[in-house]
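Next up, my_file-v4.txt (compact mmCIF, C-alpha atoms):
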```txt
# COMPACT_ATOMS: atom_id res chain seq x y z
CA GLU T 3 124.27 96.77 122.69
CA PRO T 4 123.58 96.08 118.99
CA SER T 5 121.11 98.55 117.52
CA SER T 6 119.95 99.99 114.21
CA TYR T 7 119.94 103.48 115.76
CA TYR T 8 122.70 105.96 115.00
CA ARG T 9 121.87 109.40 116.42
CA PRO T 10 125.10 111.20 117.34
CA VAL T 11 123.69 114.73 117.03
CA THR T 12 120.93 113.90 119.52
CA GLN T 13 123.47 112.41 121.93
CA VAL T 14 125.70 115.49 121.68
CA SER T 15 122.67 117.69 122.43
CA TYR T 16 122.11 115.79 125.69
CA LEU T 17 125.76 116.37 126.60
CA VAL T 18 125.39 120.10 125.92
CA SER T 19 122.21 120.19 128.04
CA ARG T 20 124.05 118.56 130.93
CA LEU T 21 127.09 120.82 130.68
CA LEU T 22 125.05 124.01 130.51
CA GLY T 23 122.08 123.21 132.74
CA GLY T 24 123.20 120.32 134.91
CA ASN T 25 121.98 116.75 135.03
CA VAL T 26 118.45 117.69 136.09
CA ALA T 27 115.15 116.98 134.36
CA ALA T 28 114.20 120.66 134.14
CA SER T 29 117.24 121.41 131.98
CA TYR T 30 116.48 118.63 129.52
CA HIS T 31 112.82 119.64 129.32
CA ALA T 32 113.71 123.29 128.75
CA TRP T 33 115.93 122.42 125.80
CA SER T 34 113.23 120.24 124.21
CA VAL T 35 110.67 123.05 124.55
CA ALA T 36 113.20 125.50 123.09
CA PHE T 37 113.80 123.27 120.06
CA HIS T 38 110.04 123.00 119.51
CA ALA T 39 109.63 126.78 119.79
CA LEU T 40 112.48 127.24 117.29
CA SER T 41 110.73 124.83 114.92
CA VAL T 42 107.54 126.90 115.10
CA VAL T 43 109.46 130.08 114.21
CA LEU T 44 111.30 128.35 111.34
CA LEU T 45 108.06 126.88 110.00
CA PHE T 46 106.47 130.32 109.98
CA ALA T 47 109.53 131.79 108.22
CA TRP T 48 109.51 129.03 105.59
CA LEU T 49 105.76 129.44 104.97
CA ARG T 50 106.28 133.19 104.49
CA LYS T 51 108.61 132.34 101.61
CA VAL T 52 106.36 129.64 100.14
CA LEU T 53 102.99 131.37 100.41
CA PRO T 54 102.08 134.69 98.78
CA LYS T 55 102.50 137.71 101.04
CA ALA T 56 98.73 138.08 101.29
CA ASN T 57 98.65 134.75 103.17
CA LEU T 58 100.50 135.98 106.26
CA ALA T 59 97.53 135.01 108.42
CA LEU T 60 97.51 131.51 106.95
CA ALA T 61 101.23 131.07 107.68
CA ALA T 62 100.66 132.19 111.28
CA LEU T 63 97.65 129.87 111.64
CA VAL T 64 99.55 126.83 110.35
CA ALA T 65 102.54 127.57 112.60
CA ALA T 66 100.24 127.97 115.61
CA TRP T 67 98.45 124.71 114.73
CA PHE T 68 101.78 122.90 114.55
CA ALA T 69 102.85 124.44 117.87
CA THR T 70 99.82 123.05 119.71
CA LEU T 71 99.07 119.88 117.73
CA PRO T 72 98.17 117.24 120.36
CA ILE T 73 99.71 114.35 118.41
CA GLY T 74 103.11 116.04 118.68
CA SER T 75 103.04 116.64 122.43
CA GLU T 76 104.87 113.43 123.39
CA ALA T 77 107.86 114.41 121.29
CA VAL T 78 108.21 117.63 123.31
CA VAL T 79 107.44 116.49 126.86
CA TRP T 80 109.33 113.18 126.79
CA ILE T 81 113.04 113.76 127.41
CA ALA T 82 114.06 110.63 125.50
CA ALA T 83 112.25 111.94 122.40
CA ARG T 84 114.67 114.86 121.98
CA CYS T 85 115.56 113.47 118.55
CA ASP T 86 112.18 114.60 117.18
CA PRO T 87 111.99 118.33 118.06
CA LEU T 88 115.72 118.79 117.43
CA GLY T 89 115.50 116.96 114.09
CA VAL T 90 112.46 119.00 113.04
CA ALA T 91 114.27 122.27 113.81
CA LEU T 92 117.28 121.19 111.74
CA ALA T 93 115.07 119.94 108.91
CA LEU T 94 113.12 123.20 108.72
CA GLY T 95 116.38 125.12 108.81
CA ALA T 96 117.57 123.04 105.86
CA LEU T 97 114.36 123.76 103.92
CA LEU T 98 114.68 127.47 104.69
CA LEU T 99 118.32 127.66 103.58
CA ASN T 100 117.44 125.59 100.50
CA ARG T 101 115.59 128.66 99.24
CA SER T 102 118.93 130.42 98.81
CA LEU T 103 120.63 129.96 95.46
CA SER T 104 124.04 130.98 96.81
CA MET T 105 126.81 128.46 97.41
CA ARG T 106 126.81 129.35 101.10
CA GLY T 107 123.08 128.66 101.34
CA LEU T 108 123.49 125.43 99.37
CA ALA T 109 126.27 124.16 101.66
CA GLY T 110 124.43 125.21 104.82
CA SER T 111 121.20 123.51 103.79
CA ARG T 112 123.02 120.23 103.04
CA LEU T 113 124.86 120.32 106.38
CA LEU T 114 121.59 120.88 108.25
CA ALA T 115 119.94 118.07 106.29
CA MET T 116 122.77 115.73 107.28
CA ALA T 117 122.51 116.87 110.91
CA SER T 118 118.76 116.19 110.93
CA VAL T 119 119.16 112.61 109.73
CA LEU T 120 121.88 112.14 112.35
CA CYS T 121 119.22 113.06 114.92
CA LYS T 122 116.83 110.32 113.81
CA GLU T 123 116.68 107.93 110.87
CA THR T 124 113.24 109.04 109.68
CA PHE T 125 114.65 112.43 108.66
CA ILE T 126 116.14 110.70 105.61
CA LEU T 127 113.01 112.23 104.04
CA VAL T 128 114.48 115.76 104.25
CA PRO T 129 116.67 115.63 101.08
CA PHE T 130 113.62 114.37 99.16
CA LEU T 131 111.58 117.35 100.40
CA MET T 132 114.35 119.76 99.42
CA ALA T 133 114.40 118.34 95.90
CA LEU T 134 110.60 118.64 95.74
CA ASP T 135 110.87 122.25 96.87
CA ASP T 136 113.34 122.98 94.07
CA TYR T 137 111.15 121.38 91.41
CA LEU T 138 107.59 122.13 92.51
CA LEU T 139 107.58 125.24 94.67
CA GLN T 140 110.59 127.19 93.42
CA ALA T 141 110.09 125.87 89.86
CA LEU T 142 113.82 126.08 89.15
CA PRO T 143 115.15 125.16 85.69
CA ARG T 144 115.43 121.40 85.27
CA ALA T 145 119.20 121.47 84.77
CA LEU T 146 119.62 123.41 88.03
CA VAL T 147 117.27 121.02 89.85
CA LEU T 148 119.40 118.09 88.72
CA ARG T 149 122.65 119.75 89.78
CA ARG T 150 121.28 120.63 93.21
CA GLY T 151 119.73 117.18 93.45
CA GLY T 152 123.15 115.63 92.96
CA SER T 153 124.38 117.23 96.18
CA LEU T 154 121.32 115.85 97.98
CA VAL T 155 122.14 112.36 96.74
CA LEU T 156 125.63 112.84 98.17
CA VAL T 157 124.09 113.69 101.56
CA VAL T 158 122.15 110.41 101.57
CA LEU T 159 125.17 108.40 100.41
CA ALA T 160 127.43 110.04 103.02
CA TYR T 161 124.92 109.12 105.73
CA LEU T 162 124.76 105.49 104.60
CA VAL T 163 128.57 105.28 104.37
CA LEU T 164 128.90 106.77 107.86
CA ARG T 165 126.54 104.16 109.28
CA ARG T 166 128.59 101.49 107.53
CA ILE T 167 131.84 102.82 109.01
CA VAL T 168 130.51 102.77 112.58
CA GLY T 169 129.00 99.32 112.06
CA VAL T 170 125.30 100.22 112.21
CA PRO T 171 123.20 98.36 109.60
CA ALA T 172 121.55 100.68 107.09
CA ALA T 173 119.32 98.35 105.09
CA GLY T 174 118.76 95.60 107.66
CA PRO T 175 115.34 96.74 108.92
CA ALA T 176 114.03 97.34 105.40
CA LEU T 177 115.19 93.96 104.14
CA ALA T 178 113.70 92.21 107.18
CA VAL T 179 110.26 93.77 106.66
CA GLY T 180 110.14 93.25 102.90
CA ALA T 181 108.16 95.20 100.31
CA PHE T 182 104.80 93.55 101.02
CA GLY T 183 105.22 93.93 104.79
CA ALA T 184 106.08 97.61 104.39
CA ALA T 185 103.05 98.13 102.11
CA ARG T 186 100.73 96.64 104.73
CA ALA T 187 102.36 98.65 107.51
CA TYR T 188 101.98 101.83 105.45
CA ALA T 189 98.26 101.13 105.08
CA PHE T 190 98.05 100.66 108.86
CA LEU T 191 99.77 104.01 109.46
CA LEU T 192 97.56 105.79 106.94
CA ALA T 193 94.34 104.39 108.40
CA THR T 194 95.44 104.97 112.01
CA PHE T 195 97.25 108.29 112.07
CA ALA T 196 95.75 110.37 109.25
CA PRO T 197 92.48 110.73 111.23
CA LEU T 198 94.41 111.50 114.46
CA VAL T 199 96.09 114.53 112.89
CA VAL T 200 92.70 116.04 112.03
CA MET T 201 90.73 114.71 115.02
CA PRO T 202 93.13 113.94 117.90
CA LEU T 203 90.96 111.51 119.82
CA GLY T 204 92.35 108.30 121.29
CA LEU T 205 95.99 109.38 121.39
CA ASP T 206 98.24 106.85 123.07
CA LEU T 207 101.92 106.32 123.73
CA VAL T 208 101.74 103.01 121.87
CA HIS T 209 99.43 101.68 119.19
CA VAL T 210 99.80 97.92 118.88
CA TYR T 211 100.38 96.95 115.27
CA GLN T 212 97.48 94.96 113.90
CA VAL T 213 98.11 93.62 110.42
CA PRO T 214 95.42 95.24 108.26
CA GLY T 215 93.12 93.12 106.15
CA ALA T 216 93.31 92.99 102.38
CA GLY T 217 90.39 95.41 102.06
CA VAL T 218 92.12 98.08 104.15
CA VAL T 219 95.38 97.67 102.25
CA VAL T 220 93.73 97.88 98.84
CA GLY T 221 91.53 100.78 99.92
CA CYS T 222 94.37 102.85 101.37
CA TRP T 223 96.69 102.29 98.45
CA GLY T 224 93.83 102.95 96.04
CA VAL T 225 93.23 106.35 97.65
CA VAL T 226 96.95 107.13 97.56
CA LEU T 227 97.30 106.28 93.86
CA VAL T 228 94.09 107.98 92.73
CA MET T 229 94.76 111.16 94.71
CA THR T 230 98.38 111.33 93.54
CA ALA T 231 97.40 110.82 89.90
CA ALA T 232 94.65 113.44 90.13
CA LEU T 233 96.96 116.02 91.71
CA VAL T 234 99.72 115.35 89.16
CA VAL T 235 97.24 115.82 86.28
CA TRP T 236 95.94 119.05 87.88
CA THR T 237 99.47 120.38 88.35
CA VAL T 238 100.48 119.57 84.76
CA LYS T 239 97.36 121.21 83.32
CA ASP T 240 97.27 124.19 85.67
CA GLY T 241 100.96 124.85 86.25
CA GLY T 242 100.14 127.45 88.89
CA GLN T 243 101.65 127.97 92.33
CA ARG T 244 98.53 126.73 94.11
CA SER T 245 98.41 123.36 92.37
CA ARG T 246 102.16 122.91 92.88
CA ALA T 247 101.82 123.71 96.58
CA VAL T 248 98.95 121.23 97.03
CA LEU T 249 100.92 118.49 95.28
CA PHE T 250 103.97 119.30 97.44
CA GLY T 251 101.85 119.06 100.59
CA TRP T 252 100.32 115.75 99.51
CA LEU T 253 103.72 114.21 98.72
CA PHE T 254 105.11 115.62 102.00
CA PHE T 255 102.29 113.87 103.86
CA LEU T 256 102.80 110.56 102.06
CA GLY T 257 106.56 110.71 102.38
CA ALA T 258 106.44 111.41 106.12
CA LEU T 259 104.82 108.00 106.72
CA ALA T 260 107.19 106.05 104.46
CA PRO T 261 110.25 105.66 106.79
CA VAL T 262 107.96 104.78 109.73
CA ALA T 263 106.42 101.89 107.77
CA LEU T 264 109.50 99.80 108.62
CA LEU T 265 108.80 100.08 112.35
CA PRO T 266 105.47 98.34 113.15
CA PRO T 267 106.22 94.93 111.55
CA SER T 268 109.51 94.61 113.45
CA GLN T 269 108.55 96.12 116.82
CA ARG T 270 104.81 95.30 116.72
CA TYR T 271 103.83 98.79 117.84
CA VAL T 272 104.19 102.44 116.89
CA GLY T 273 103.88 105.58 119.03
CA ASP T 274 101.83 108.66 118.22
CA ARG T 275 104.87 110.91 117.96
```

In structure tokens, write the structure found in this file.
Amino acid sequence: EPSSYYRPVTQVSYLVSRLLGGNVAASYHAWSVAFHALSVVLLFAWLRKVLPKANLALAALVAAWFATLPIGSEAVVWIAARCDPLGVALALGALLLNRSLSMRGLAGSRLLAMASVLCKETFILVPFLMALDDYLLQALPRALVLRRGGSLVLVVLAYLVLRRIVGVPAAGPALAVGAFGAARAYAFLLATFAPLVVMPLGLDLVHVYQVPGAGVVVGCWGVVLVMTAALVVWTVKDGGQRSRAVLFGWLFFLGALAPVALLPPSQRYVGDR
């Protein structure tokens, strides 16, 4: 049936699960848990490279928090949500390989980034995060950042062309929602899910989309703009690894909500995962 979904890597993973473990629920569940466990290990490995060596305990704490975060449980226990834990594992693998300056590491990271977005559309954020890593965390020379960024642009373009070839609309959902609709939906996501990450009370499979009032929209976007401006100023003045890492984390958080903002206005709901 017509759909805006194009997730061939996820579909192939189901086929592999069936061939290796049989068409039984236990096999599919085991693979989803394995992908989540792999993501935890990759997150820890990436944090070891990002954080100073003295922060080994912090890397372990963050990885453990991610492993047990209640808001992520649905993505692991629901068989049909395989696209999320598999996509996360591929995305973290791409970020980890992106730390290599070799051609092999460069090619591998781009292939994993493409594979992640072929798991689920929201992983289109991954190339953006890799470029941020180059510029903010690794602090590579600007000319090198631009050259590496060019290959990331090619990943995004190749994905859009591939969707076009198979006849799946790439920009349809975004055009249908419109800029103002997406801005309101983003405010809804920020007001609804930011508190749930810190205080996971009232988790639900589906949150019905309620169009936020003007006050909520202005307030949320005001916080986003003020915080972003303040962190950019701090990073420019300080120039240290800590300020760069905080800015990276803030932009990671904001960027993670951006692709999802197209969902609530069209489907009238959004799930916790």

(request) Skip Leu162 in chain T itself and residues of its chain fewer than 6 positions away, then list as a list in words all residues within 12 Å of it, counting all atoms listed in the file. (result)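 Listed by chain and then number, they are Tyr8, Met116, Val119, Leu120, Glu123, Ile126, Val155, Leu156, Val168, Gly169, Val170, Pro171, Ala172, Ala173 and Gly174 of chain T.
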
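Computed from the coordinates, the CA of Leu63 in chain T to CA of Arg246 in chain T distance equals 20.5 Å.
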
(message) I'd like the neighbourhood of range 89-102 of chain T as an NGL selection string, where a residue qualifies if any of its atoms comes within 7 Å (using all atoms listed in the file), though same-chain residues fewer than 5 positions away should be ignored.
(response) :T and (37 or 40-41 or 44-45 or 48 or 107-108 or 110-112 or 114-115 or 117-118 or 121-122 or 128 or 132)

Edge lengths and centre in Å, axis-aligned, range 237-246 of chain T plus 3 Å each side, as AutoDock Vina command-line options:
```
--center_x 99.7 --center_y 123.8 --center_z 88.7 --size_x 10.9 --size_y 14.4 --size_z 16.8
```

List as a Markdown table every residue of range 133-206 of chain T that is in contact with range 255-274 of chain T, defined as an atom at most 9 Å from one of its atoms (using all atoms listed in the file), together with the nearest atom pair and the distance in Å rounded to one decimal, sorted by chain and then rising number.
```
| residue | atom | partner | partner_atom | distance |
| --- | --- | --- | --- | --- |
| T:Pro175 | CA | T:Leu264 | CA | 6.6 |
| T:Ala176 | CA | T:Leu264 | CA | 6.1 |
| T:Ala178 | CA | T:Ser268 | CA | 7.9 |
| T:Val179 | CA | T:Leu264 | CA | 6.4 |
| T:Gly180 | CA | T:Leu264 | CA | 8.7 |
| T:Gly183 | CA | T:Pro267 | CA | 6.9 |
| T:Ala184 | CA | T:Ala263 | CA | 5.5 |
| T:Ala185 | CA | T:Ala263 | CA | 7.6 |
| T:Arg186 | CA | T:Ala263 | CA | 8.3 |
| T:Ala187 | CA | T:Ala263 | CA | 5.2 |
| T:Tyr188 | CA | T:Ala263 | CA | 5.0 |
| T:Ala189 | CA | T:Ala263 | CA | 8.6 |
| T:Phe190 | CA | T:Ala263 | CA | 8.5 |
| T:Leu191 | CA | T:Leu259 | CA | 7.0 |
| T:Leu192 | CA | T:Leu259 | CA | 7.6 |
| T:Phe195 | CA | T:Asp274 | CA | 7.7 |
| T:Leu198 | CA | T:Asp274 | CA | 8.8 |
| T:Leu205 | CA | T:Asp274 | CA | 6.7 |
| T:Asp206 | CA | T:Asp274 | CA | 6.3 |
```

(message) Would you pick out the contacts of Met229 in chain T at 9 Å or less, using all atoms listed in the file, so that residues sharing its chain but fewer than 5 positions from it are not included, and give the list as a VMD selection string?
(response) chain T and resid 224 234 252

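Of the listed residues T:Arg50, T:Leu134, T:Ala59, T:Tyr161, the one whose atoms come nearest to Leu148 in chain T is T:Leu134, with distances taken using all atoms listed in the file.
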
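CA of Pro72 in chain T lies 20.5 Å from CA of Tyr30 in chain T.
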
(request) Measure the distance from CA of Ile167 in chain T to CA of Val18 in chain T in Å and round it to one decimal. (result)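 Taking CA of Ile167 in chain T and CA of Val18 in chain T, their separation equals 25.0 Å.
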
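Take the candidates T:Phe182, T:Phe46, T:Trp80, T:Phe68 and check each one against Ala27 in chain T using only C-alpha atoms; the shortest distance goes to T:Trp80.
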
(request) For Thr230 in chain T, list every protein, DNA or RNA residue within 12 Å, evaluated using only C-alpha atoms, and leave out those in the same chain fewer than 5 positions away; present the list as a PyMOL selection string. (result) chain T and resi 223-225+235-237+248-256

Could those selected residues go to a file with C-alpha atoms, as a PDB file, keeping the file's coordinate frame?
```pdb
ATOM      1  CA  TRP T 223      96.690 102.290  98.450  1.00  0.00           C
ATOM      2  CA  GLY T 224      93.830 102.950  96.040  1.00  0.00           C
ATOM      3  CA  VAL T 225      93.230 106.350  97.650  1.00  0.00           C
ATOM      4  CA  VAL T 235      97.240 115.820  86.280  1.00  0.00           C
ATOM      5  CA  TRP T 236      95.940 119.050  87.880  1.00  0.00           C
ATOM      6  CA  THR T 237      99.470 120.380  88.350  1.00  0.00           C
ATOM      7  CA  VAL T 248      98.950 121.230  97.030  1.00  0.00           C
ATOM      8  CA  LEU T 249     100.920 118.490  95.280  1.00  0.00           C
ATOM      9  CA  PHE T 250     103.970 119.300  97.440  1.00  0.00           C
ATOM     10  CA  GLY T 251     101.850 119.060 100.590  1.00  0.00           C
ATOM     11  CA  TRP T 252     100.320 115.750  99.510  1.00  0.00           C
ATOM     12  CA  LEU T 253     103.720 114.210  98.720  1.00  0.00           C
ATOM     13  CA  PHE T 254     105.110 115.620 102.000  1.00  0.00           C
ATOM     14  CA  PHE T 255     102.290 113.870 103.860  1.00  0.00           C
ATOM     15  CA  LEU T 256     102.800 110.560 102.060  1.00  0.00           C
TER      16      LEU T 256
END
```

(request) Write out as a ChimeraX atom specification which residues come within 10 Å of Ala61 in chain T when counting all atoms listed in the file, dropping same-chain ones fewer than 2 positions away. (result) /T:45-59,63-67
